[in-house]
Amino acid sequence: MFTGLVELMGKVSSIKELDNTESGGNGWTITISEASEILNDCHLGDSIAINGTCLTVTEFNKDSFKVGVAPETLRCTNLGDLKVGDKVNLERAMDSNKRFGGHMVQGHVDTTVKIIHIKPEGNSIWFTFQLDKADKDKMRYIIPKGFICLDGTSLTVCDVDDDQCTFSIMMIAHTQAHVIMPSKKIGDRVNVEVDMLAKYALKSLEDAIKNNEGIESLVKRVLKA
């Protein structure tokens with residue numbers, strides 16, 4: 001579990017499509033360097049989110065760590081677009097001893113969106129994103145003033161256009177300095193994880209309607225739980 005509060009921007013130092021080392025497991029691996037700040041308490045098997053994607057550490061030293069990336073992860077995220085030298089957002093799994101900022105993030109990317117508009121306003125920046133038409137059903141989880149996780153960054157949705165499958169966020173100056181989004185350009189893909197609580201709420205409602213429970217029965221069931 002993560003918070004969507006990016007701890008550090010690391011740098012991609014190696015990408016191997018077929019890593020036959022012991023830590024590579026004959027699969028796709030990515031090594032991230034300039035990450036010493038988050039590796040002081042690292043262990044093999046720990047979870048670290050790269051651009052909002054929960055991945056398992058298979059090798060590490062004081063400055064860098066390696067993760068394996070499954071084919072399904074490559075299909076659902078923008079990790080396959082990465083090149084050596086690219087910056088990435090990093091966050092360790094949630095620490096129960098710290099304040100819980102951001103929002104509850106699983107590190108399970110739902111899909112990617114494309115940046116279609118970038119507009120500075122004062123010291124902030126507006127970013128507008130568009131979902132592929134095939135992912136239109138995910139728009140029901142994206143609401144104005146709701147949570148969304150973009151490349152591992154917890155953000156607040158500002159505007160939503162369901163017909164055009166678009167939504168916008170505004171990024172303040174502090175956030176711009178600590179995440180990779182400002183370095184991206186129109187057309188780039190961004191990882192999206194919608195609010196997990198919205199998923200659970202909608203599923204409960206759909207089940208209630210399907211089972212002819214009605215809203216009153218659903219509310220009683222929720223309150224009882």
# chains A, B, ... in the order shown; residues from 1 in each chain; ligands from 1
$ select_by_dssp --residues "segment 47-83 of chain A" --states "helix (DSSP H, G or I)" --output "PyMOL selection string"
chain A and resi 71-76+79-81
$ residues_around --residues "segment 78-92 of chain A" --least-positions-apart "2" --cutoff "8 Å" --atoms "only C-alpha atoms" --output "short mmCIF file (atom, residue, chain, number, x, y, z; two decimals) with N, CA, C and O atoms, in the first residue's frame"
data_model
loop_
_atom_site.label_atom_id
_atom_site.label_comp_id
_atom_site.auth_asym_id
_atom_site.auth_seq_id
_atom_site.Cartn_x
_atom_site.Cartn_y
_atom_site.Cartn_z
N PHE A 2 0.44 2.28 -0.70
CA PHE A 2 1.21 3.51 -0.85
C PHE A 2 0.31 4.71 -0.57
O PHE A 2 -0.90 4.55 -0.35
N GLY A 4 0.87 7.84 -2.51
CA GLY A 4 0.88 8.77 -3.64
C GLY A 4 1.71 10.01 -3.38
O GLY A 4 1.66 10.96 -4.16
N LEU A 5 2.47 10.00 -2.28
CA LEU A 5 3.39 11.09 -2.01
C LEU A 5 4.79 10.65 -2.44
O LEU A 5 5.45 9.86 -1.76
N VAL A 6 5.23 11.15 -3.58
CA VAL A 6 6.51 10.73 -4.16
C VAL A 6 7.65 11.13 -3.23
O VAL A 6 7.75 12.28 -2.79
N GLU A 7 8.52 10.16 -2.94
CA GLU A 7 9.63 10.42 -2.04
C GLU A 7 10.87 10.94 -2.77
O GLU A 7 11.64 11.71 -2.23
N LEU A 8 11.04 10.49 -4.01
CA LEU A 8 12.29 10.76 -4.70
C LEU A 8 12.11 10.52 -6.19
O LEU A 8 11.31 9.67 -6.60
N MET A 9 12.85 11.27 -7.00
CA MET A 9 12.93 10.98 -8.42
C MET A 9 14.25 10.25 -8.68
O MET A 9 15.33 10.80 -8.44
N GLY A 10 14.15 8.99 -9.12
CA GLY A 10 15.34 8.23 -9.47
C GLY A 10 15.58 8.29 -10.96
O GLY A 10 14.82 8.91 -11.71
N LYS A 11 16.66 7.62 -11.41
CA LYS A 11 17.01 7.63 -12.83
C LYS A 11 17.15 6.19 -13.33
O LYS A 11 17.78 5.35 -12.68
N VAL A 12 16.57 5.92 -14.48
CA VAL A 12 16.70 4.60 -15.10
C VAL A 12 18.15 4.43 -15.58
O VAL A 12 18.63 5.20 -16.41
N SER A 13 18.85 3.44 -15.03
CA SER A 13 20.24 3.22 -15.41
C SER A 13 20.42 1.97 -16.28
O SER A 13 21.46 1.81 -16.94
N SER A 14 19.41 1.08 -16.30
CA SER A 14 19.51 -0.11 -17.13
C SER A 14 18.12 -0.67 -17.41
O SER A 14 17.26 -0.67 -16.52
N ILE A 15 17.93 -1.13 -18.63
CA ILE A 15 16.70 -1.85 -19.01
C ILE A 15 17.14 -3.09 -19.78
O ILE A 15 17.87 -2.99 -20.77
N ILE A 38 16.19 6.26 -0.45
CA ILE A 38 15.11 5.36 -0.06
C ILE A 38 15.58 3.91 0.11
O ILE A 38 14.76 3.00 0.25
N SER A 47 8.61 -3.83 -1.60
CA SER A 47 7.85 -3.19 -2.67
C SER A 47 8.24 -1.72 -2.79
O SER A 47 8.28 -1.00 -1.79
N ILE A 48 8.55 -1.31 -4.00
CA ILE A 48 8.79 0.10 -4.31
C ILE A 48 7.96 0.45 -5.54
O ILE A 48 7.95 -0.31 -6.52
N ALA A 49 7.24 1.54 -5.47
CA ALA A 49 6.43 1.98 -6.61
C ALA A 49 7.28 2.83 -7.55
O ALA A 49 7.90 3.81 -7.13
N ILE A 50 7.31 2.43 -8.82
CA ILE A 50 7.98 3.20 -9.88
C ILE A 50 6.90 3.76 -10.78
O ILE A 50 6.14 3.00 -11.40
N ASN A 51 6.78 5.08 -10.81
CA ASN A 51 5.70 5.73 -11.57
C ASN A 51 4.34 5.14 -11.19
O ASN A 51 3.48 4.91 -12.03
N GLY A 52 4.18 4.88 -9.89
CA GLY A 52 2.90 4.40 -9.38
C GLY A 52 2.65 2.92 -9.55
O GLY A 52 1.56 2.44 -9.24
N THR A 73 2.20 -6.17 -16.67
CA THR A 73 2.55 -4.83 -16.19
C THR A 73 2.97 -3.94 -17.35
O THR A 73 2.60 -2.76 -17.42
N LEU A 74 3.73 -4.49 -18.27
CA LEU A 74 4.15 -3.72 -19.44
C LEU A 74 2.96 -3.32 -20.30
O LEU A 74 2.93 -2.23 -20.89
N ARG A 75 1.94 -4.20 -20.37
CA ARG A 75 0.74 -3.88 -21.15
C ARG A 75 -0.08 -2.77 -20.52
O ARG A 75 -0.70 -1.97 -21.22
N CYS A 76 -0.13 -2.74 -19.19
CA CYS A 76 -1.05 -1.84 -18.49
C CYS A 76 -0.43 -0.51 -18.06
O CYS A 76 -1.14 0.38 -17.61
N MET A 94 4.03 1.99 2.29
CA MET A 94 3.61 2.84 3.40
C MET A 94 4.24 2.41 4.74
O MET A 94 4.31 1.23 5.05
N THR A 112 -3.36 3.68 -18.84
CA THR A 112 -2.59 4.90 -19.09
C THR A 112 -3.48 5.91 -19.81
O THR A 112 -4.45 5.54 -20.48
N ASP A 151 1.10 8.60 -12.39
CA ASP A 151 2.53 8.26 -12.28
C ASP A 151 2.97 8.21 -10.83
O ASP A 151 4.08 8.63 -10.48
N GLY A 152 2.08 7.72 -9.96
CA GLY A 152 2.42 7.56 -8.56
C GLY A 152 2.24 8.78 -7.71
O GLY A 152 2.58 8.78 -6.52
N THR A 153 1.67 9.85 -8.28
CA THR A 153 1.47 11.10 -7.55
C THR A 153 0.00 11.28 -7.19
O THR A 153 -0.86 11.29 -8.07
N VAL A 179 8.26 15.87 -8.74
CA VAL A 179 7.74 14.75 -9.55
C VAL A 179 8.12 14.95 -11.01
O VAL A 179 8.57 16.02 -11.42
N ILE A 180 7.90 13.90 -11.81
CA ILE A 180 8.36 13.94 -13.20
C ILE A 180 7.39 14.60 -14.17
O ILE A 180 7.76 14.91 -15.30
N ARG A 189 2.45 9.29 -22.37
CA ARG A 189 1.54 8.47 -21.59
C ARG A 189 1.83 8.58 -20.09
O ARG A 189 2.99 8.67 -19.68
N VAL A 190 0.78 8.54 -19.31
CA VAL A 190 0.87 8.66 -17.85
C VAL A 190 0.09 7.51 -17.22
O VAL A 190 -1.02 7.20 -17.64
N ASN A 191 0.69 6.88 -16.20
CA ASN A 191 0.00 5.81 -15.49
C ASN A 191 -1.13 6.37 -14.63
O ASN A 191 -0.97 7.40 -13.98
#
$ closest_residue --among "A:Gly45, A:Gly68, A:Gly146, A:Gly187" --to "His117 of chain A" --atoms "only C-alpha atoms"
A:Gly187
$ closest_residue --among "A:Val57, A:Ile143, A:Leu131, A:Leu155" --to "Gly101 of chain A" --atoms "only C-alpha atoms"
A:Leu155
$ atom_distance --atom1 "atom CA of Asp161 of chain A" --atom2 "atom CA of Asp188 of chain A"
19.8 Å
$ closest_residue --among "A:Ala93, A:Ile142, A:Val160, A:Ile169" --to "Asp46 of chain A" --atoms "only C-alpha atoms"
A:Ala93
$ select_by_dssp --residues "segment 78-107 of chain A" --states "strand (DSSP E or B)" --output "list in words"
Lys87, Val88, Asn89, Leu90, Glu91, Arg92 and Val105 of chain A
$ write_last_selection --atoms "C-alpha atoms" --output "PDB file, in the first residue's frame"
ATOM      1  CA  LYS A  87      13.598  10.108 -14.415  1.00  0.00           C
ATOM      2  CA  VAL A  88      10.934   8.158 -12.512  1.00  0.00           C
ATOM      3  CA  ASN A  89       8.816   8.772  -9.418  1.00  0.00           C
ATOM      4  CA  LEU A  90       9.665   6.518  -6.470  1.00  0.00           C
ATOM      5  CA  GLU A  91       7.803   5.693  -3.279  1.00  0.00           C
ATOM      6  CA  ARG A  92       8.432   2.953  -0.728  1.00  0.00           C
ATOM      7  CA  VAL A 105      -2.908   3.868  -3.380  1.00  0.00           C
TER       8      VAL A 105
END
$ atom_distance --atom1 "atom CA of Asp41 of chain A" --atom2 "atom CA of Thr3 of chain A"
18.2 Å
$ atom_distance --atom1 "atom CA of Pro182 of chain A" --atom2 "atom CA of Asn123 of chain A"
12.2 Å
$ closest_residue --among "A:Gln176, A:Asp135, A:Thr29, A:Val194" --to "Val157 of chain A" --atoms "only C-alpha atoms"
A:Val194
$ residues_around --residues "Thr166 of chain A" --least-positions-apart "6" --cutoff "12 Å" --atoms "only C-alpha atoms" --output "list in words"
Val113, Lys114, Ile115, Ile116, His117, Phe127, Thr128, Phe129, Gln130, Leu131, Asp132, Lys133, Asp135, Lys136, Lys138, Met139, Arg140, Ile142, Ile143, Pro144, Val157, Cys158, Asp159 and Val160 of chain A
